[in-house]
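Shown below: data-v2.csv, with CSV, C-alpha atoms.
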chain,number,residue,atom,x,y,z
A,1,MET,CA,16.9,-16.1,-15.0
A,2,ALA,CA,16.9,-18.2,-11.7
A,3,LYS,CA,15.7,-21.7,-11.8
A,4,TRP,CA,13.8,-22.7,-8.6
A,5,GLY,CA,12.2,-25.8,-10.1
A,6,LEU,CA,8.9,-24.0,-10.0
A,7,HIS,CA,6.6,-23.7,-13.0
A,8,ALA,CA,3.7,-21.3,-13.4
A,9,SER,CA,1.0,-22.3,-15.9
A,10,PRO,CA,0.6,-19.9,-18.8
A,11,SER,CA,-2.6,-18.4,-17.4
A,12,LEU,CA,-0.7,-17.5,-14.2
A,13,GLU,CA,2.4,-15.9,-15.9
A,14,PRO,CA,0.9,-12.4,-16.1
A,15,PHE,CA,0.0,-12.6,-12.4
A,16,VAL,CA,3.4,-13.9,-11.4
A,17,ARG,CA,5.1,-11.0,-13.2
A,18,GLY,CA,2.4,-8.5,-11.9
A,19,ILE,CA,2.9,-9.6,-8.3
A,20,GLY,CA,6.6,-9.1,-8.7
A,21,ILE,CA,6.0,-5.6,-10.0
A,22,LEU,CA,3.6,-4.9,-7.1
A,23,CYS,CA,6.2,-6.0,-4.6
A,24,LYS,CA,8.8,-3.7,-6.2
A,25,VAL,CA,6.4,-0.7,-6.3
A,26,TRP,CA,5.4,-1.3,-2.7
A,27,GLY,CA,9.0,-1.5,-1.6
A,28,GLU,CA,9.5,1.9,-3.3
A,29,LEU,CA,6.5,3.3,-1.3
A,30,GLU,CA,8.0,2.0,2.0
A,31,GLU,CA,11.3,3.7,1.2
A,32,GLU,CA,9.5,7.0,0.5
A,33,ILE,CA,7.5,6.6,3.8
A,34,CYS,CA,10.8,6.2,5.7
A,35,LEU,CA,12.4,9.2,4.1
A,36,HIS,CA,9.3,11.3,4.8
A,37,LEU,CA,9.4,10.3,8.4
A,38,CYS,CA,13.1,11.2,8.7
A,39,ASP,CA,12.3,14.6,7.1
A,40,LEU,CA,9.1,15.5,8.9
A,41,SER,CA,10.4,14.4,12.3
A,42,LYS,CA,13.5,16.6,11.7
A,43,MET,CA,15.9,13.8,12.4
A,44,PRO,CA,19.5,14.5,11.4
A,45,GLN,CA,20.1,13.6,7.7
A,46,GLN,CA,22.3,10.6,8.4
A,47,GLN,CA,22.2,6.8,8.1
A,48,THR,CA,21.4,6.3,11.8
A,49,SER,CA,18.1,8.2,11.5
A,50,TYR,CA,17.1,6.0,8.5
A,51,LEU,CA,18.1,2.8,10.4
A,52,ILE,CA,16.0,3.9,13.4
A,53,VAL,CA,12.9,4.6,11.3
A,54,ARG,CA,13.3,1.2,9.6
A,55,CYS,CA,13.0,-0.5,13.0
A,56,PHE,CA,9.3,0.4,13.2
A,57,ASN,CA,6.7,-1.5,11.3
A,58,PHE,CA,5.0,0.1,8.3
A,59,ARG,CA,1.7,1.0,10.2
A,60,ASP,CA,3.7,2.6,13.0
A,61,GLN,CA,5.6,4.6,10.5
A,62,LEU,CA,2.3,5.8,8.9
A,63,GLN,CA,1.0,6.8,12.4
A,64,ALA,CA,4.2,8.7,13.2
A,65,LEU,CA,3.8,10.5,9.8
A,66,ARG,CA,0.3,11.5,10.8
A,67,VAL,CA,1.6,13.1,14.0
A,68,ALA,CA,4.5,14.8,12.2
A,69,ALA,CA,2.2,16.2,9.5
A,70,THR,CA,-0.1,17.8,12.1
A,71,THR,CA,2.8,19.5,13.9
A,72,ASN,CA,5.4,20.2,11.2
A,73,PHE,CA,3.5,21.2,8.0
A,74,ASP,CA,4.0,24.9,7.1
A,75,HIS,CA,0.9,24.8,4.9
A,76,LYS,CA,-1.9,23.6,7.2
A,77,GLU,CA,-4.2,23.1,4.2
A,78,LEU,CA,-2.0,20.2,3.2
A,79,VAL,CA,-2.4,18.3,6.4
A,80,ASP,CA,-5.8,16.8,5.5
A,81,PRO,CA,-4.9,15.6,2.0
A,82,TYR,CA,-1.6,14.2,3.3
A,83,ILE,CA,-3.2,12.3,6.2
A,84,SER,CA,-6.2,11.1,4.1
A,85,THR,CA,-3.7,9.8,1.5
A,86,LEU,CA,-1.8,8.0,4.3
A,87,ASN,CA,-5.1,6.5,5.5
A,88,TYR,CA,-6.0,5.3,2.0
A,89,ILE,CA,-2.6,3.6,1.7
A,90,ASP,CA,-3.0,2.1,5.2
A,91,ASN,CA,-6.7,1.0,5.0
A,92,VAL,CA,-7.2,0.2,1.3
A,93,LEU,CA,-3.9,-0.3,-0.6
A,94,ARG,CA,-2.0,-2.2,2.1
A,95,PRO,CA,-4.7,-4.9,2.6
A,96,ARG,CA,-5.0,-5.2,-1.2
A,97,ARG,CA,-1.2,-5.6,-1.5
A,98,ASN,CA,-1.2,-8.1,1.3
A,99,ARG,CA,-4.0,-10.1,-0.4
A,100,TYR,CA,-2.1,-10.3,-3.6
A,101,VAL,CA,1.2,-11.3,-1.9
A,102,HIS,CA,-0.3,-13.9,0.5
A,103,ASN,CA,-3.0,-15.6,-1.6
A,104,ASN,CA,-2.4,-19.0,-3.1
A,105,TYR,CA,-2.7,-19.0,-6.9
A,106,PHE,CA,-3.6,-21.7,-9.4
A,107,SER,CA,-5.2,-22.3,-12.8
A,108,GLY,CA,-8.9,-22.7,-12.6
A,109,MET,CA,-10.9,-25.7,-13.7
A,110,ASP,CA,-10.7,-24.6,-17.4
A,111,ASP,CA,-6.9,-24.2,-17.0
A,112,GLU,CA,-7.2,-20.7,-18.5
A,113,THR,CA,-8.9,-18.6,-15.8
A,114,PRO,CA,-6.6,-18.0,-12.9
A,115,GLU,CA,-8.0,-18.2,-9.4
A,116,ALA,CA,-6.8,-17.2,-6.0
A,117,MET,CA,-7.5,-18.7,-2.6
A,118,ASP,CA,-7.8,-16.1,0.1
A,119,THR,CA,-5.8,-17.7,2.9
A,120,ARG,CA,-6.9,-15.2,5.6
A,121,VAL,CA,-8.6,-17.0,8.5
A,122,ARG,CA,-11.7,-15.3,9.8
A,123,VAL,CA,-13.2,-16.0,13.2
A,124,PHE,CA,-16.8,-14.7,13.3
A,125,LYS,CA,-20.3,-15.1,14.6
A,126,PRO,CA,-22.8,-15.4,11.8
A,127,GLN,CA,-25.5,-14.2,14.2
A,128,SER,CA,-25.2,-12.8,17.7
A,129,PHE,CA,-26.8,-15.8,19.4
A,130,SER,CA,-24.8,-18.5,17.4
A,131,ASP,CA,-21.4,-20.0,18.1
A,132,PHE,CA,-18.2,-18.7,16.7
A,133,LYS,CA,-17.0,-20.1,13.3
A,134,ALA,CA,-13.7,-20.1,11.6
A,135,ASP,CA,-13.3,-20.0,7.8
A,136,LEU,CA,-10.9,-19.1,5.0
A,137,GLY,CA,-11.7,-16.2,2.7
A,138,GLY,CA,-12.6,-18.5,-0.3
A,139,LEU,CA,-11.9,-18.6,-4.0
A,140,GLU,CA,-12.0,-15.8,-6.5
A,141,CYS,CA,-11.4,-15.5,-10.2
A,142,LEU,CA,-8.6,-13.0,-11.0
A,143,LYS,CA,-8.5,-10.2,-13.5
A,144,ILE,CA,-5.1,-8.8,-14.4
A,145,GLU,CA,-6.7,-5.4,-14.7
A,146,ASP,CA,-7.4,-5.3,-11.0
A,147,LEU,CA,-3.7,-6.1,-10.2
A,148,ASP,CA,-2.6,-3.4,-12.7
A,149,SER,CA,-5.0,-0.9,-11.1
A,150,THR,CA,-3.6,-1.6,-7.7
A,151,VAL,CA,0.0,-1.0,-8.9
A,152,LEU,CA,-1.0,2.2,-10.6
A,153,ASP,CA,-2.9,3.4,-7.6
A,154,ILE,CA,0.1,2.8,-5.3
A,155,GLN,CA,2.4,4.7,-7.7
A,156,SER,CA,0.0,7.7,-8.1
A,157,HIS,CA,-0.5,8.0,-4.3
A,158,LYS,CA,3.3,7.8,-3.7
A,159,ARG,CA,3.8,10.6,-6.2
A,160,TYR,CA,1.1,12.7,-4.5
A,161,LEU,CA,2.7,12.3,-1.1
A,162,ASN,CA,6.0,13.4,-2.6
A,163,SER,CA,4.4,16.4,-4.1
A,164,ILE,CA,3.0,17.5,-0.8
A,165,ILE,CA,6.3,16.9,1.0
A,166,SER,CA,8.0,19.2,-1.5
A,167,TYR,CA,6.1,22.1,0.1
A,168,VAL,CA,7.4,21.3,3.6
A,169,GLY,CA,9.9,23.9,4.6
A,170,HIS,CA,8.8,26.3,1.9
A,171,PRO,CA,6.1,28.5,3.5
A,172,ASP,CA,6.5,31.0,0.7
A,173,ARG,CA,5.3,28.6,-2.0
A,174,SER,CA,1.6,28.2,-2.8
A,175,PRO,CA,0.4,24.6,-2.6
A,176,LEU,CA,-2.6,25.2,-4.9
A,177,ASN,CA,-1.1,23.1,-7.8
A,178,CYS,CA,-0.5,20.3,-5.3
A,179,LEU,CA,-4.0,20.3,-4.0
A,180,ALA,CA,-5.4,20.3,-7.6
A,181,ALA,CA,-3.2,17.2,-8.5
A,182,ARG,CA,-4.9,14.9,-5.9
A,183,PRO,CA,-5.2,11.4,-7.6
A,184,THR,CA,-8.5,9.6,-7.9
A,185,ARG,CA,-9.0,6.6,-5.7
A,186,THR,CA,-9.6,3.4,-7.6
A,187,PHE,CA,-10.8,1.3,-4.7
Can I see the file as C-alpha coordinates?
Amino acid sequence: MAKWGLHASPSLEPFVRGIGILCKVWGELEEEICLHLCDLSKMPQQQTSYLIVRCFNFRDQLQALRVAATTNFDHKELVDPYISTLNYIDNVLRPRRNRYVHNNYFSGMDDETPEAMDTRVRVFKPQSFSDFKADLGGLECLKIEDLDSTVLDIQSHKRYLNSIISYVGHPDRSPLNCLAARPTRTF
(Lines of atoms letter the chains of each structure in order from A and count residues from 1; the text may use other names and numbers.)
(Lines give C-alpha, C1' and ligand atoms only; values in the text may rest on other atoms or scores of the structure.)
Protein backbone atom coordinates (compact mmCIF):
# COMPACT_ATOMS: atom_id res chain seq x y z
CA MET A 1 0.00 0.00 0.00
CA ALA A 2 1.30 3.46 -0.89
CA LYS A 3 2.34 5.81 1.88
CA TRP A 4 1.63 9.43 1.07
CA GLY A 5 1.89 10.70 4.58
CA LEU A 6 -1.87 11.20 4.67
CA HIS A 7 -4.12 9.84 7.35
CA ALA A 8 -7.87 9.54 7.26
CA SER A 9 -9.70 9.38 10.55
CA PRO A 10 -11.57 6.12 11.17
CA SER A 11 -14.92 7.79 10.45
CA LEU A 12 -13.68 8.79 6.98
CA GLU A 13 -12.14 5.42 6.00
CA PRO A 14 -15.36 4.03 4.43
CA PHE A 15 -15.74 7.24 2.39
CA VAL A 16 -12.14 7.22 1.23
CA ARG A 17 -12.57 3.63 0.03
CA GLY A 18 -16.03 4.39 -1.42
CA ILE A 19 -14.80 7.42 -3.36
CA GLY A 20 -12.01 5.29 -4.80
CA ILE A 21 -14.59 2.74 -5.96
CA LEU A 22 -16.76 5.55 -7.33
CA CYS A 23 -13.82 6.82 -9.41
CA LYS A 24 -13.13 3.33 -10.74
CA VAL A 25 -16.77 2.73 -11.68
CA TRP A 26 -17.01 6.17 -13.30
CA GLY A 27 -13.86 5.45 -15.34
CA GLU A 28 -15.48 2.23 -16.55
CA LEU A 29 -18.58 4.19 -17.57
CA GLU A 30 -16.45 6.71 -19.49
CA GLU A 31 -14.74 3.82 -21.28
CA GLU A 32 -18.10 2.36 -22.31
CA ILE A 33 -19.30 5.76 -23.53
CA CYS A 34 -16.21 6.04 -25.78
CA LEU A 35 -16.76 2.55 -27.17
CA HIS A 36 -20.45 3.27 -27.81
CA LEU A 37 -19.51 6.44 -29.66
CA CYS A 38 -17.01 4.59 -31.85
CA ASP A 39 -19.64 1.93 -32.63
CA LEU A 40 -22.64 4.20 -33.19
CA SER A 41 -20.74 6.72 -35.30
CA LYS A 42 -19.55 3.81 -37.48
CA MET A 43 -15.91 4.74 -37.04
CA PRO A 44 -13.38 2.10 -38.15
CA GLN A 45 -12.61 -0.37 -35.36
CA GLN A 46 -9.06 0.78 -34.76
CA GLN A 47 -7.09 2.58 -32.10
CA THR A 48 -7.13 5.89 -33.98
CA SER A 49 -10.94 6.05 -33.72
CA TYR A 50 -10.77 5.49 -29.97
CA LEU A 51 -8.04 8.11 -29.57
CA ILE A 52 -10.08 10.68 -31.51
CA VAL A 53 -13.17 10.07 -29.35
CA ARG A 54 -11.04 10.44 -26.21
CA CYS A 55 -10.10 13.98 -27.32
CA PHE A 56 -13.64 15.20 -26.59
CA ASN A 57 -14.84 15.93 -23.09
CA PHE A 58 -17.41 13.64 -21.52
CA ARG A 59 -20.41 15.91 -22.06
CA ASP A 60 -19.55 16.34 -25.75
CA GLN A 61 -19.29 12.56 -26.06
CA LEU A 62 -22.76 12.21 -24.52
CA GLN A 63 -24.16 14.80 -26.94
CA ALA A 64 -22.57 13.00 -29.90
CA LEU A 65 -24.12 9.74 -28.68
CA ARG A 66 -27.55 11.40 -28.60
CA VAL A 67 -27.08 12.39 -32.25
CA ALA A 68 -25.79 8.94 -33.25
CA ALA A 69 -28.68 7.20 -31.48
CA THR A 70 -31.30 9.25 -33.29
CA THR A 71 -29.79 8.46 -36.68
CA ASN A 72 -28.28 4.98 -36.33
CA PHE A 73 -30.56 2.87 -34.11
CA ASP A 74 -32.33 0.06 -35.98
CA HIS A 75 -34.99 -0.12 -33.27
CA LYS A 76 -36.42 3.38 -32.98
CA GLU A 77 -38.23 2.40 -29.77
CA LEU A 78 -34.81 2.21 -28.08
CA VAL A 79 -33.84 5.81 -28.92
CA ASP A 80 -35.91 7.37 -26.13
CA PRO A 81 -34.73 5.06 -23.30
CA TYR A 82 -31.13 5.36 -24.50
CA ILE A 83 -31.18 9.16 -24.66
CA SER A 84 -33.10 9.50 -21.40
CA THR A 85 -30.47 7.27 -19.73
CA LEU A 86 -27.70 9.46 -21.17
CA ASN A 87 -29.55 12.50 -19.84
CA TYR A 88 -29.83 10.93 -16.37
CA ILE A 89 -26.11 10.16 -16.39
CA ASP A 90 -25.30 13.71 -17.55
CA ASN A 91 -27.74 15.69 -15.41
CA VAL A 92 -27.93 13.62 -12.21
CA LEU A 93 -25.10 11.11 -11.84
CA ARG A 94 -22.28 13.28 -13.24
CA PRO A 95 -22.92 16.16 -10.79
CA ARG A 96 -23.24 13.66 -7.90
CA ARG A 97 -19.95 12.06 -8.88
CA ASN A 98 -18.28 15.46 -9.17
CA ARG A 99 -19.56 16.48 -5.77
CA TYR A 100 -18.12 13.36 -4.13
CA VAL A 101 -14.79 13.76 -5.90
CA HIS A 102 -14.35 17.51 -5.34
CA ASN A 103 -15.74 18.04 -1.83
CA ASN A 104 -13.44 18.45 1.15
CA TYR A 105 -13.99 15.79 3.81
CA PHE A 106 -13.33 15.84 7.53
CA SER A 107 -14.54 14.30 10.76
CA GLY A 108 -17.39 16.19 12.34
CA MET A 109 -17.34 17.84 15.73
CA ASP A 110 -18.07 14.51 17.45
CA ASP A 111 -15.17 12.89 15.51
CA GLU A 112 -17.52 10.13 14.40
CA THR A 113 -19.90 11.77 11.92
CA PRO A 114 -18.13 12.51 8.65
CA GLU A 115 -18.91 15.82 7.00
CA ALA A 116 -18.23 17.29 3.60
CA MET A 117 -17.71 20.88 2.54
CA ASP A 118 -19.25 21.56 -0.83
CA THR A 119 -16.54 23.64 -2.49
CA ARG A 120 -18.60 24.80 -5.46
CA VAL A 121 -18.83 28.58 -5.59
CA ARG A 122 -22.24 29.95 -6.44
CA VAL A 123 -22.88 33.48 -7.65
CA PHE A 124 -26.53 34.40 -7.26
CA LYS A 125 -29.09 37.10 -6.53
CA PRO A 126 -31.17 36.28 -3.47
CA GLN A 127 -33.91 38.53 -4.86
CA SER A 128 -34.21 40.21 -8.23
CA PHE A 129 -33.69 43.72 -6.81
CA SER A 130 -30.72 42.84 -4.58
CA ASP A 131 -26.98 42.71 -5.30
CA PHE A 132 -25.20 39.58 -6.45
CA LYS A 133 -23.67 37.40 -3.74
CA ALA A 134 -21.05 34.68 -3.81
CA ASP A 135 -21.09 31.68 -1.52
CA LEU A 136 -19.81 28.14 -1.06
CA GLY A 137 -22.27 25.26 -0.99
CA GLY A 138 -21.85 24.62 2.74
CA LEU A 139 -21.53 21.65 5.08
CA GLU A 140 -23.42 18.41 5.00
CA CYS A 141 -23.32 15.25 7.07
CA LEU A 142 -22.49 12.19 5.03
CA LYS A 143 -24.14 8.80 4.81
CA ILE A 144 -22.20 5.92 3.31
CA GLU A 145 -25.51 4.58 1.96
CA ASP A 146 -25.82 7.61 -0.36
CA LEU A 147 -22.35 6.99 -1.77
CA ASP A 148 -23.13 3.28 -2.20
CA SER A 149 -26.39 4.13 -3.97
CA THR A 150 -24.55 6.45 -6.36
CA VAL A 151 -22.05 3.71 -7.27
CA LEU A 152 -24.82 1.13 -7.77
CA ASP A 153 -26.83 3.59 -9.87
CA ILE A 154 -23.86 4.26 -12.16
CA GLN A 155 -23.28 0.52 -12.58
CA SER A 156 -26.92 -0.30 -13.34
CA HIS A 157 -27.24 2.49 -15.92
CA LYS A 158 -23.98 1.45 -17.60
CA ARG A 159 -25.33 -2.12 -17.90
CA TYR A 160 -28.59 -0.78 -19.31
CA LEU A 161 -26.80 1.28 -21.98
CA ASN A 162 -24.82 -1.82 -22.92
CA SER A 163 -27.98 -3.91 -23.20
CA ILE A 164 -29.50 -1.33 -25.59
CA ILE A 165 -26.33 -1.18 -27.68
CA SER A 166 -26.41 -4.97 -28.07
CA TYR A 167 -29.48 -4.50 -30.31
CA VAL A 168 -27.78 -2.05 -32.66
CA GLY A 169 -27.05 -3.75 -35.96
CA HIS A 170 -29.57 -6.50 -35.21
CA PRO A 171 -32.91 -5.34 -36.64
CA ASP A 172 -34.16 -8.94 -36.50
CA ARG A 173 -33.99 -9.11 -32.67
CA SER A 174 -36.88 -7.91 -30.54
CA PRO A 175 -35.82 -5.36 -27.89
CA LEU A 176 -38.75 -6.10 -25.54
CA ASN A 177 -36.51 -7.70 -22.89
CA CYS A 178 -34.25 -4.69 -23.00
CA LEU A 179 -37.13 -2.26 -22.55
CA ALA A 180 -38.42 -4.25 -19.58
CA ALA A 181 -35.01 -4.21 -17.87
CA ARG A 182 -34.83 -0.42 -17.46
CA PRO A 183 -33.22 0.35 -14.07
CA THR A 184 -34.94 2.42 -11.44
CA ARG A 185 -33.54 5.87 -10.84
CA THR A 186 -32.35 6.40 -7.30
CA PHE A 187 -31.95 10.18 -7.45
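Considering only C-alpha atoms, the residue among A:His75, A:Lys143, A:Arg96, A:Arg185 positioned nearest to Leu12 (chain A) is A:Lys143.
Each of A:Asp90, A:Glu140, A:Asp172, A:Glu77 was checked against Asp118 (chain A) using all atoms listed in the file; the smallest atom-to-atom distance is that of A:Glu140.
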- Between A:Cys55, A:Ile154, A:Cys141, A:Ala134, single out the one closest to Trp26 (chain A), counting only C-alpha atoms. A:Ile154
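Proximity of A:Leu86, A:Ala116, A:Val101, A:Ile165 to Asp60 (chain A), computed with all atoms listed in the file, is greatest for A:Leu86.
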- Message: Given only C-alpha atoms as the basis, pick out the residue of A:Asp80, A:Asp131, A:Arg59, A:Leu139 nearest to Ser107 (chain A).
- Response: A:Leu139
- Query: Which is closest to His36 (chain A) among A:Ile21, A:Met109, A:Cys178, A:Ala69, if we use only C-alpha atoms?
  - Reply: A:Ala69
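Rounded to one decimal, CA of Asp148 (chain A) and CA of Glu112 (chain A) lie 18.8 Å from each other.
CA of Glu31 (chain A) lies 24.6 Å from CA of Lys76 (chain A).
Around Ile33 (chain A), within 9 Å and counting all atoms listed in the file, the residues found are A:Phe58, A:Gln61, A:Leu62, A:Leu65, A:Lys158, A:Leu161, once anything fewer than 6 positions away on its own chain is removed.
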- So which residues touch Leu147 (chain A) within 9 Å, counting only C-alpha atoms, skipping near sequence neighbours fewer than 6 positions away, as a PyMOL selection string? chain A and resi 15+18-19+22+100
List every protein, DNA or RNA residue that has an atom no more than 10 Å from (14.3, 5.0, 14.0) in the file's coordinate frame, counting all atoms listed in the file, and report them as a PDB file with C-alpha atoms, in the coordinates of the input.
ATOM      1  CA  CYS A  34      10.800   6.200   5.700  1.00  0.00           C
ATOM      2  CA  LEU A  37       9.400  10.300   8.400  1.00  0.00           C
ATOM      3  CA  CYS A  38      13.100  11.200   8.700  1.00  0.00           C
ATOM      4  CA  MET A  43      15.900  13.800  12.400  1.00  0.00           C
ATOM      5  CA  THR A  48      21.400   6.300  11.800  1.00  0.00           C
ATOM      6  CA  SER A  49      18.100   8.200  11.500  1.00  0.00           C
ATOM      7  CA  TYR A  50      17.100   6.000   8.500  1.00  0.00           C
ATOM      8  CA  LEU A  51      18.100   2.800  10.400  1.00  0.00           C
ATOM      9  CA  ILE A  52      16.000   3.900  13.400  1.00  0.00           C
ATOM     10  CA  VAL A  53      12.900   4.600  11.300  1.00  0.00           C
ATOM     11  CA  ARG A  54      13.300   1.200   9.600  1.00  0.00           C
ATOM     12  CA  CYS A  55      13.000  -0.500  13.000  1.00  0.00           C
ATOM     13  CA  PHE A  56       9.300   0.400  13.200  1.00  0.00           C
ATOM     14  CA  GLN A  61       5.600   4.600  10.500  1.00  0.00           C
TER      15      GLN A  61
END
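Reported to one decimal place, the separation of CA of Gly169 (chain A) from CA of Ser41 (chain A) is 12.2 Å.
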